[in-house]
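Undergrad: Structure: upload30.csv, CSV, C-alpha atoms.
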```
chain,number,residue,atom,x,y,z
A,1,MET,CA,163.1,293.5,51.8
A,2,LYS,CA,161.9,294.6,48.4
A,3,PRO,CA,163.8,293.0,45.5
A,4,GLU,CA,165.0,296.3,44.2
A,5,PHE,CA,166.8,297.1,47.5
A,6,ARG,CA,168.5,293.7,48.0
A,7,HIS,CA,171.8,294.9,46.6
A,8,ILE,CA,172.1,297.6,49.2
A,9,ILE,CA,174.7,297.1,51.9
A,10,ILE,CA,174.1,298.7,55.3
A,11,VAL,CA,177.2,299.8,57.2
A,12,LEU,CA,176.7,300.1,61.0
A,13,ASP,CA,179.3,302.3,62.8
A,14,ASP,CA,179.2,300.8,66.3
A,15,VAL,CA,182.7,301.5,67.6
A,16,TYR,CA,181.6,302.0,71.2
A,17,HIS,CA,179.5,298.9,71.5
A,18,GLU,CA,181.7,297.3,74.2
A,19,LEU,CA,182.2,300.5,76.2
A,20,VAL,CA,178.7,300.6,77.7
A,21,TYR,CA,178.3,301.1,81.5
A,22,SER,CA,175.3,298.7,81.8
A,23,ASP,CA,174.9,295.0,82.2
A,24,ASP,CA,171.9,294.9,79.9
A,25,ARG,CA,173.6,296.1,76.7
A,26,GLU,CA,172.4,294.5,73.5
A,27,PHE,CA,174.1,294.3,70.2
A,28,PHE,CA,172.3,295.7,67.2
A,29,LEU,CA,172.2,292.4,65.3
A,30,ASP,CA,170.8,290.6,68.4
A,31,VAL,CA,167.6,292.8,68.5
A,32,VAL,CA,166.9,292.9,64.7
A,33,ASP,CA,164.4,290.1,64.0
A,34,TYR,CA,164.9,290.0,60.3
A,35,GLU,CA,167.4,287.5,59.0
A,36,GLU,CA,167.6,289.0,55.5
A,37,PHE,CA,168.3,292.4,56.9
A,38,LYS,CA,171.1,291.0,59.1
A,39,SER,CA,172.6,289.4,56.1
A,40,ARG,CA,173.3,292.8,54.6
A,41,VAL,CA,174.7,294.6,57.6
A,42,CYS,CA,178.5,295.3,57.9
A,43,VAL,CA,179.5,296.3,61.4
A,44,ILE,CA,182.5,298.5,62.1
A,45,LEU,CA,184.0,298.0,65.5
A,46,SER,CA,186.9,299.8,67.2
A,47,PHE,CA,189.7,297.6,68.4
A,48,SER,CA,191.9,300.4,69.7
A,49,LYS,CA,189.2,302.4,71.5
A,50,VAL,CA,187.3,299.6,73.1
A,51,LEU,CA,189.4,296.5,73.5
A,52,ALA,CA,192.8,298.0,74.0
A,53,GLY,CA,192.0,301.4,75.4
A,54,ASN,CA,194.5,303.1,73.1
A,55,PRO,CA,193.0,305.1,70.3
A,56,GLY,CA,196.5,305.8,69.0
A,57,LEU,CA,196.7,302.2,67.7
A,58,ARG,CA,194.3,303.2,64.9
A,59,PHE,CA,193.0,299.6,64.7
A,60,GLY,CA,189.5,298.8,63.6
A,61,ILE,CA,187.5,295.6,63.1
A,62,LEU,CA,185.0,294.9,60.3
A,63,TYR,CA,182.3,292.2,60.6
A,64,ALA,CA,180.9,291.4,57.2
A,65,PRO,CA,178.5,288.8,55.9
A,66,ASN,CA,178.6,286.8,52.7
A,67,MET,CA,176.2,287.9,50.0
A,68,GLU,CA,175.6,287.4,46.3
A,69,ILE,CA,177.6,289.7,44.0
A,70,ASP,CA,177.1,289.3,40.3
A,71,GLY,CA,175.9,285.8,40.8
A,72,LYS,CA,178.7,284.7,43.1
A,73,ILE,CA,178.7,284.4,46.9
A,74,GLU,CA,181.4,286.6,48.3
A,75,ASN,CA,182.4,288.0,51.6
A,76,ILE,CA,181.9,291.8,51.7
A,77,GLY,CA,184.9,292.1,54.0
A,78,THR,CA,187.2,291.2,51.1
A,79,LYS,CA,185.7,294.1,49.0
A,80,PHE,CA,186.3,296.5,51.9
A,81,GLY,CA,189.9,295.3,52.1
A,82,VAL,CA,190.5,296.1,48.4
A,83,LEU,CA,188.9,299.5,48.9
A,84,MET,CA,190.9,300.4,52.0
A,85,ALA,CA,194.2,299.1,50.4
A,86,ASP,CA,193.8,301.8,47.8
A,87,SER,CA,193.1,304.6,50.3
A,88,SER,CA,194.8,303.8,53.6
A,89,THR,CA,198.0,302.2,55.0
A,90,ALA,CA,197.9,298.8,56.6
A,91,VAL,CA,198.0,298.2,60.4
A,92,CYS,CA,201.7,297.7,61.2
A,93,ASN,CA,203.1,294.3,62.4
A,94,ALA,CA,203.5,295.5,66.0
A,95,ASN,CA,199.9,296.6,66.3
A,96,GLN,CA,198.7,293.4,64.8
A,97,TYR,CA,200.7,291.5,67.4
A,98,VAL,CA,199.1,293.5,70.2
A,99,GLY,CA,195.7,293.0,68.6
A,100,GLU,CA,196.0,289.2,68.5
A,101,LYS,CA,197.1,289.1,72.1
A,102,ILE,CA,194.3,291.3,73.3
A,103,ILE,CA,191.6,289.5,71.3
A,104,HIS,CA,192.7,286.2,72.9
A,105,ALA,CA,192.7,287.9,76.3
A,106,LYS,CA,189.3,289.3,75.8
A,107,VAL,CA,187.8,285.8,75.6
A,108,GLY,CA,190.0,284.6,78.5
A,109,LYS,CA,192.6,282.7,76.5
A,110,GLY,CA,196.3,283.1,75.8
A,111,ASN,CA,199.0,284.5,78.1
A,112,PRO,CA,197.8,285.1,81.7
A,113,GLU,CA,199.6,288.4,81.8
A,114,TRP,CA,197.6,289.7,78.8
A,115,ILE,CA,194.3,288.5,80.4
A,116,LYS,CA,195.3,290.4,83.5
A,117,ILE,CA,195.9,293.6,81.5
A,118,GLN,CA,192.6,293.3,79.7
A,119,LYS,CA,190.7,292.9,83.0
A,120,GLU,CA,192.5,295.9,84.5
A,121,TRP,CA,191.5,297.9,81.4
A,122,GLU,CA,187.8,297.0,81.8
A,123,THR,CA,188.0,297.7,85.6
A,124,ASN,CA,189.6,301.1,84.9
A,125,CYS,CA,186.8,302.0,82.5
A,126,GLN,CA,184.2,301.4,85.1
A,127,LYS,CA,186.2,303.3,87.8
A,128,VAL,CA,186.6,306.4,85.6
A,129,TYR,CA,182.9,306.3,84.9
A,130,ASN,CA,182.0,306.1,88.6
A,131,SER,CA,184.3,309.0,89.2
A,132,VAL,CA,182.7,311.3,86.7
A,133,VAL,CA,179.3,310.5,88.0
A,134,LYS,CA,180.4,311.2,91.5
A,135,LEU,CA,182.0,314.5,90.4
A,136,GLY,CA,179.0,315.4,88.4
A,137,ILE,CA,176.8,315.1,91.5
A,138,SER,CA,179.2,317.1,93.7
A,139,LEU,CA,180.2,319.8,91.2
A,140,PHE,CA,177.5,319.9,88.5
A,141,ASN,CA,174.4,320.6,90.6
A,142,ASP,CA,171.7,323.2,90.3
A,143,ASP,CA,173.7,325.8,92.2
A,144,THR,CA,176.5,325.8,89.6
A,145,HIS,CA,176.6,327.1,86.1
A,146,PHE,CA,177.8,324.0,84.3
A,147,PRO,CA,175.6,321.1,85.4
A,148,LEU,CA,176.2,317.7,84.0
A,149,VAL,CA,173.0,317.5,82.0
A,150,VAL,CA,173.3,314.0,80.4
A,151,LYS,CA,174.5,311.1,82.5
A,152,PRO,CA,176.9,309.2,80.2
A,153,TYR,CA,175.9,305.6,79.5
A,154,GLY,CA,178.9,304.8,77.4
A,155,ALA,CA,182.1,306.0,75.7
A,156,PHE,CA,184.3,308.6,77.3
A,157,PHE,CA,182.2,311.7,77.0
A,158,GLY,CA,179.6,313.7,78.9
A,159,LEU,CA,177.5,316.7,78.0
A,160,ILE,CA,177.6,319.9,80.1
A,161,SER,CA,175.4,323.0,79.8
A,162,GLY,CA,176.6,326.6,79.4
A,163,ARG,CA,173.1,327.9,78.9
A,164,LYS,CA,173.4,330.4,81.8
A,165,LEU,CA,176.1,332.2,79.7
A,166,LEU,CA,173.8,332.6,76.7
A,167,GLY,CA,172.8,336.2,76.2
A,168,LYS,CA,175.4,337.5,78.6
A,169,LYS,CA,178.2,339.9,77.7
A,170,VAL,CA,181.6,338.6,77.0
A,171,PRO,CA,184.0,340.3,79.5
A,172,GLU,CA,186.9,342.2,78.1
A,173,THR,CA,189.4,340.6,80.5
A,174,ILE,CA,189.4,337.7,82.9
A,175,LYS,CA,191.9,336.6,85.5
A,176,LEU,CA,193.2,333.0,85.5
A,177,GLN,CA,193.7,331.1,88.7
A,178,ASP,CA,197.4,331.5,88.6
A,179,GLY,CA,197.1,335.3,88.4
A,180,ARG,CA,197.6,335.8,84.7
A,181,THR,CA,195.1,338.1,82.8
A,182,VAL,CA,193.6,337.3,79.5
A,183,SER,CA,192.4,340.4,77.6
A,184,ASP,CA,190.6,341.2,74.4
A,185,LEU,CA,188.2,338.2,74.8
A,186,PRO,CA,185.4,339.6,72.6
A,187,LYS,CA,187.9,340.0,69.8
A,188,LYS,CA,189.4,336.6,70.4
A,189,ILE,CA,186.0,334.8,70.2
A,190,GLN,CA,184.6,337.3,67.7
A,191,THR,CA,181.5,338.2,69.6
A,192,SER,CA,180.4,340.5,72.4
A,193,ILE,CA,177.4,338.4,73.4
A,194,PHE,CA,177.4,334.7,74.0
A,195,GLN,CA,175.0,333.2,71.4
A,196,THR,CA,176.2,329.7,70.5
A,197,ASP,CA,178.0,326.7,72.0
A,198,VAL,CA,181.0,327.5,69.7
A,199,GLN,CA,181.5,330.9,71.2
A,200,ILE,CA,181.3,329.5,74.7
A,201,ALA,CA,183.8,326.7,73.9
A,202,TYR,CA,186.3,329.2,72.5
A,203,PHE,CA,185.8,331.5,75.5
A,204,LEU,CA,186.5,328.6,78.0
A,205,LEU,CA,189.6,327.7,76.0
A,206,TYR,CA,191.0,331.2,76.6
A,207,ALA,CA,189.5,332.1,79.9
A,208,ALA,CA,189.6,328.7,81.8
A,209,GLU,CA,192.2,326.8,79.7
A,210,VAL,CA,189.8,323.9,79.5
A,211,VAL,CA,189.1,322.2,76.2
A,212,THR,CA,185.5,321.4,75.4
A,213,VAL,CA,183.8,320.5,72.2
A,214,PRO,CA,180.7,322.3,70.9
A,215,ALA,CA,177.8,319.8,71.0
A,216,SER,CA,176.4,321.3,67.7
A,217,GLY,CA,179.0,319.0,66.1
A,218,PHE,CA,176.8,316.1,67.4
A,219,PHE,CA,173.4,317.2,66.1
A,220,ILE,CA,172.4,319.5,69.0
A,221,GLU,CA,171.3,323.1,68.3
A,222,PRO,CA,174.2,325.5,68.8
A,223,GLU,CA,171.8,328.0,70.5
A,224,ALA,CA,171.3,325.5,73.2
A,225,GLY,CA,174.7,326.1,74.6
A,226,TYR,CA,175.7,322.4,75.3
A,227,LEU,CA,179.3,321.3,75.3
A,228,ARG,CA,180.9,317.9,75.3
A,229,ILE,CA,183.8,317.1,77.6
A,230,SER,CA,185.9,313.9,77.8
A,231,PHE,CA,186.3,312.2,81.2
A,232,ALA,CA,189.1,309.9,80.0
A,233,ILE,CA,191.6,311.6,82.3
A,234,SER,CA,192.5,311.3,86.0
A,235,GLU,CA,190.0,312.2,88.6
A,236,ASP,CA,192.2,315.0,89.9
A,237,ASN,CA,192.5,316.6,86.5
A,238,LEU,CA,188.8,316.2,85.9
A,239,LYS,CA,187.9,317.8,89.2
A,240,GLU,CA,190.2,320.8,88.4
A,241,ALA,CA,188.6,321.2,85.0
A,242,PHE,CA,185.1,321.3,86.5
A,243,GLN,CA,186.2,323.8,89.1
A,244,ARG,CA,187.8,326.0,86.5
A,245,LEU,CA,184.6,325.9,84.4
A,246,ASN,CA,182.4,326.9,87.4
A,247,SER,CA,184.8,329.6,88.5
A,248,THR,CA,185.0,331.1,85.1
A,249,ALA,CA,181.2,331.1,84.7
A,250,ASP,CA,181.0,332.9,88.1
A,251,GLU,CA,183.3,335.6,86.9
A,252,VAL,CA,181.2,336.2,83.8
A,253,LEU,CA,178.0,336.5,85.7
A,254,LYS,CA,179.5,338.8,88.3
A,255,SER,CA,180.7,341.1,85.6
A,256,GLN,CA,177.2,341.7,84.2
```
Step by step, read the file and then write its structure as C-alpha cells.
TA:
Amino acid sequence: MKPEFRHIIIVLDDVYHELVYSDDREFFLDVVDYEEFKSRVCVILSFSKVLAGNPGLRFGILYAPNMEIDGKIENIGTKFGVLMADSSTAVCNANQYVGEKIIHAKVGKGNPEWIKIQKEWETNCQKVYNSVVKLGISLFNDDTHFPLVVKPYGAFFGLISGRKLLGKKVPETIKLQDGRTVSDLPKKIQTSIFQTDVQIAYFLLYAAEVVTVPASGFFIEPEAGYLRISFAISEDNLKEAFQRLNSTADEVLKSQ
C-alpha cells in the first residue's frame, strides 16, 4: 500500500456473511492475501439478523484491528465506540444478555437449551431456503409472468421479474381474490403504461396486496422491471404471495 494511503481505514459491511446457503463460503479476510490490507479493514457484522434471527434486536458487531494513530497503537473499535455514543443509543441490557448467550451457543458452549435454540435457527434458515427454491421451480417457471430469475445464495431475499408487464397498459380496475374491486389504478400509480420497477411494485401493492421492493434500489436498472421479495415467511404465505402475483399478471395481460 502506498505510504500516502496508509492512514485510510476500509469499512466492510458484511452483515449477511453467516447467512449463506453453501458449504464453501469464504470470509473476505480469508481470501485477501495482503497482510497490510487486512490490518486496515473494519468488518461490520449483524448479530440480530444472522446469529439471532431477530432483526428487531438492532444489535451489530464490529471487528476492528489495531493500527497506529498519531504515533500510538490503538484499536479502531474504541474510536467507533466514541463516534456511535454521540449518535446512537446503546444496546439495552436485555439484548446484551441475549447476545452473550447466543454467541456462546454459536460456538457450542454455554447452556444446552441456548445451543439447541441456535441449532434450530440455523436449521430453519436452510428449511426456508429449500422451500423458496422449491416454490420457485413450481410457480416461477417459463409459463408464468413472474419467474424467479435469481436463485438466492444467501440472506432472505430473491429477485423476481415483472418484465412481461413492461410496456403494457395499466388496467383501470382489477378484482381481488376476495371479490373486492380496486379502481383508478393508473391514477394511484401515476402512469397509464408500465415503464419501471417502481410502477410495477406500486401496482402489485394495490392490485395483489403483495409487498415487493423495486430492484432499482439495489443497483439494477428500473427499466428492467425486476423486484425483490423476502422469503422470510411461512411456506403457505409465500405460496399465496406467488399465486397472487401470477394471477394479477394474468389479469393485466388479458386486459390488453
Undergrad: I need the residue nearest Lys151 in chain A from this list: A:Tyr129, A:Gln199, A:Gln243, A:Val170. Use all atoms listed in the file for the distance.
TA: A:Tyr129
Undergrad: List every protein, DNA or RNA residue that has an atom no more than 8 Å from (190.6, 300.9, 60.8) in the file's coordinate frame, counting only C-alpha atoms, and report them as a PDB file with C-alpha atoms, in the coordinates of the input.
TA:
```pdb
ATOM      1  CA  SER A  46     186.900 299.800  67.200  1.00  0.00           C
ATOM      2  CA  ARG A  58     194.300 303.200  64.900  1.00  0.00           C
ATOM      3  CA  PHE A  59     193.000 299.600  64.700  1.00  0.00           C
ATOM      4  CA  GLY A  60     189.500 298.800  63.600  1.00  0.00           C
ATOM      5  CA  ILE A  61     187.500 295.600  63.100  1.00  0.00           C
ATOM      6  CA  VAL A  91     198.000 298.200  60.400  1.00  0.00           C
TER       7      VAL A  91
END
```
Undergrad: Can you measure CA of Ala249 in chain A to CA of Val182 in chain A for me? One decimal in Å is fine.
TA: 14.8 Å
Undergrad: So, with only C-alpha atoms as the atoms that count, which of A:His7, A:Lys187, A:Lys109, A:Lys164 lies closest to Val252 in chain A?
TA: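 Of A:His7, A:Lys187, A:Lys109, A:Lys164, the one nearest Val252 in chain A is A:Lys164, counting only C-alpha atoms.
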Undergrad: Output as JSON lines one row per residue of range 143-178 of chain A within 12 Å of range 205-216 of chain A: the closest atom pair and its distance in Å to one decimal place, counting only C-alpha atoms, sorted by chain and residue number ascending.
TA:
```
{"residue": "A:Val150", "atom": "CA", "partner": "A:Ala215", "partner_atom": "CA", "distance": 11.9}
{"residue": "A:Phe157", "atom": "CA", "partner": "A:Val213", "partner_atom": "CA", "distance": 10.2}
{"residue": "A:Gly158", "atom": "CA", "partner": "A:Ala215", "partner_atom": "CA", "distance": 10.1}
{"residue": "A:Leu159", "atom": "CA", "partner": "A:Ala215", "partner_atom": "CA", "distance": 7.7}
{"residue": "A:Ile160", "atom": "CA", "partner": "A:Ala215", "partner_atom": "CA", "distance": 9.1}
{"residue": "A:Ser161", "atom": "CA", "partner": "A:Ala215", "partner_atom": "CA", "distance": 9.7}
{"residue": "A:Gly162", "atom": "CA", "partner": "A:Pro214", "partner_atom": "CA", "distance": 10.4}
{"residue": "A:Val170", "atom": "CA", "partner": "A:Ala207", "partner_atom": "CA", "distance": 10.6}
{"residue": "A:Pro171", "atom": "CA", "partner": "A:Ala207", "partner_atom": "CA", "distance": 9.9}
{"residue": "A:Glu172", "atom": "CA", "partner": "A:Ala207", "partner_atom": "CA", "distance": 10.6}
{"residue": "A:Thr173", "atom": "CA", "partner": "A:Ala207", "partner_atom": "CA", "distance": 8.5}
{"residue": "A:Ile174", "atom": "CA", "partner": "A:Ala207", "partner_atom": "CA", "distance": 6.4}
{"residue": "A:Lys175", "atom": "CA", "partner": "A:Ala207", "partner_atom": "CA", "distance": 7.6}
{"residue": "A:Leu176", "atom": "CA", "partner": "A:Ala208", "partner_atom": "CA", "distance": 6.7}
{"residue": "A:Gln177", "atom": "CA", "partner": "A:Ala208", "partner_atom": "CA", "distance": 8.4}
{"residue": "A:Asp178", "atom": "CA", "partner": "A:Ala208", "partner_atom": "CA", "distance": 10.7}
```
Undergrad: What's the separation between CA of Leu45 in chain A and CA of Ile117 in chain A, in Å to one decimal place?
TA: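 For CA of Leu45 in chain A relative to CA of Ile117 in chain A, the distance reads 20.4 Å.
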Undergrad: Separation of CA of Val20 in chain A and CA of Gly154 in chain A, in Å?
TA: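 Interatomic distance here is 4.2 Å.
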Undergrad: Taking all atoms listed in the file into account, which of A:Lys134, A:Ile10, A:Asp184, A:Lys101 comes nearest Lys116 in chain A?
TA: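 With all atoms listed in the file as the atom set, the closest residue is A:Lys101.
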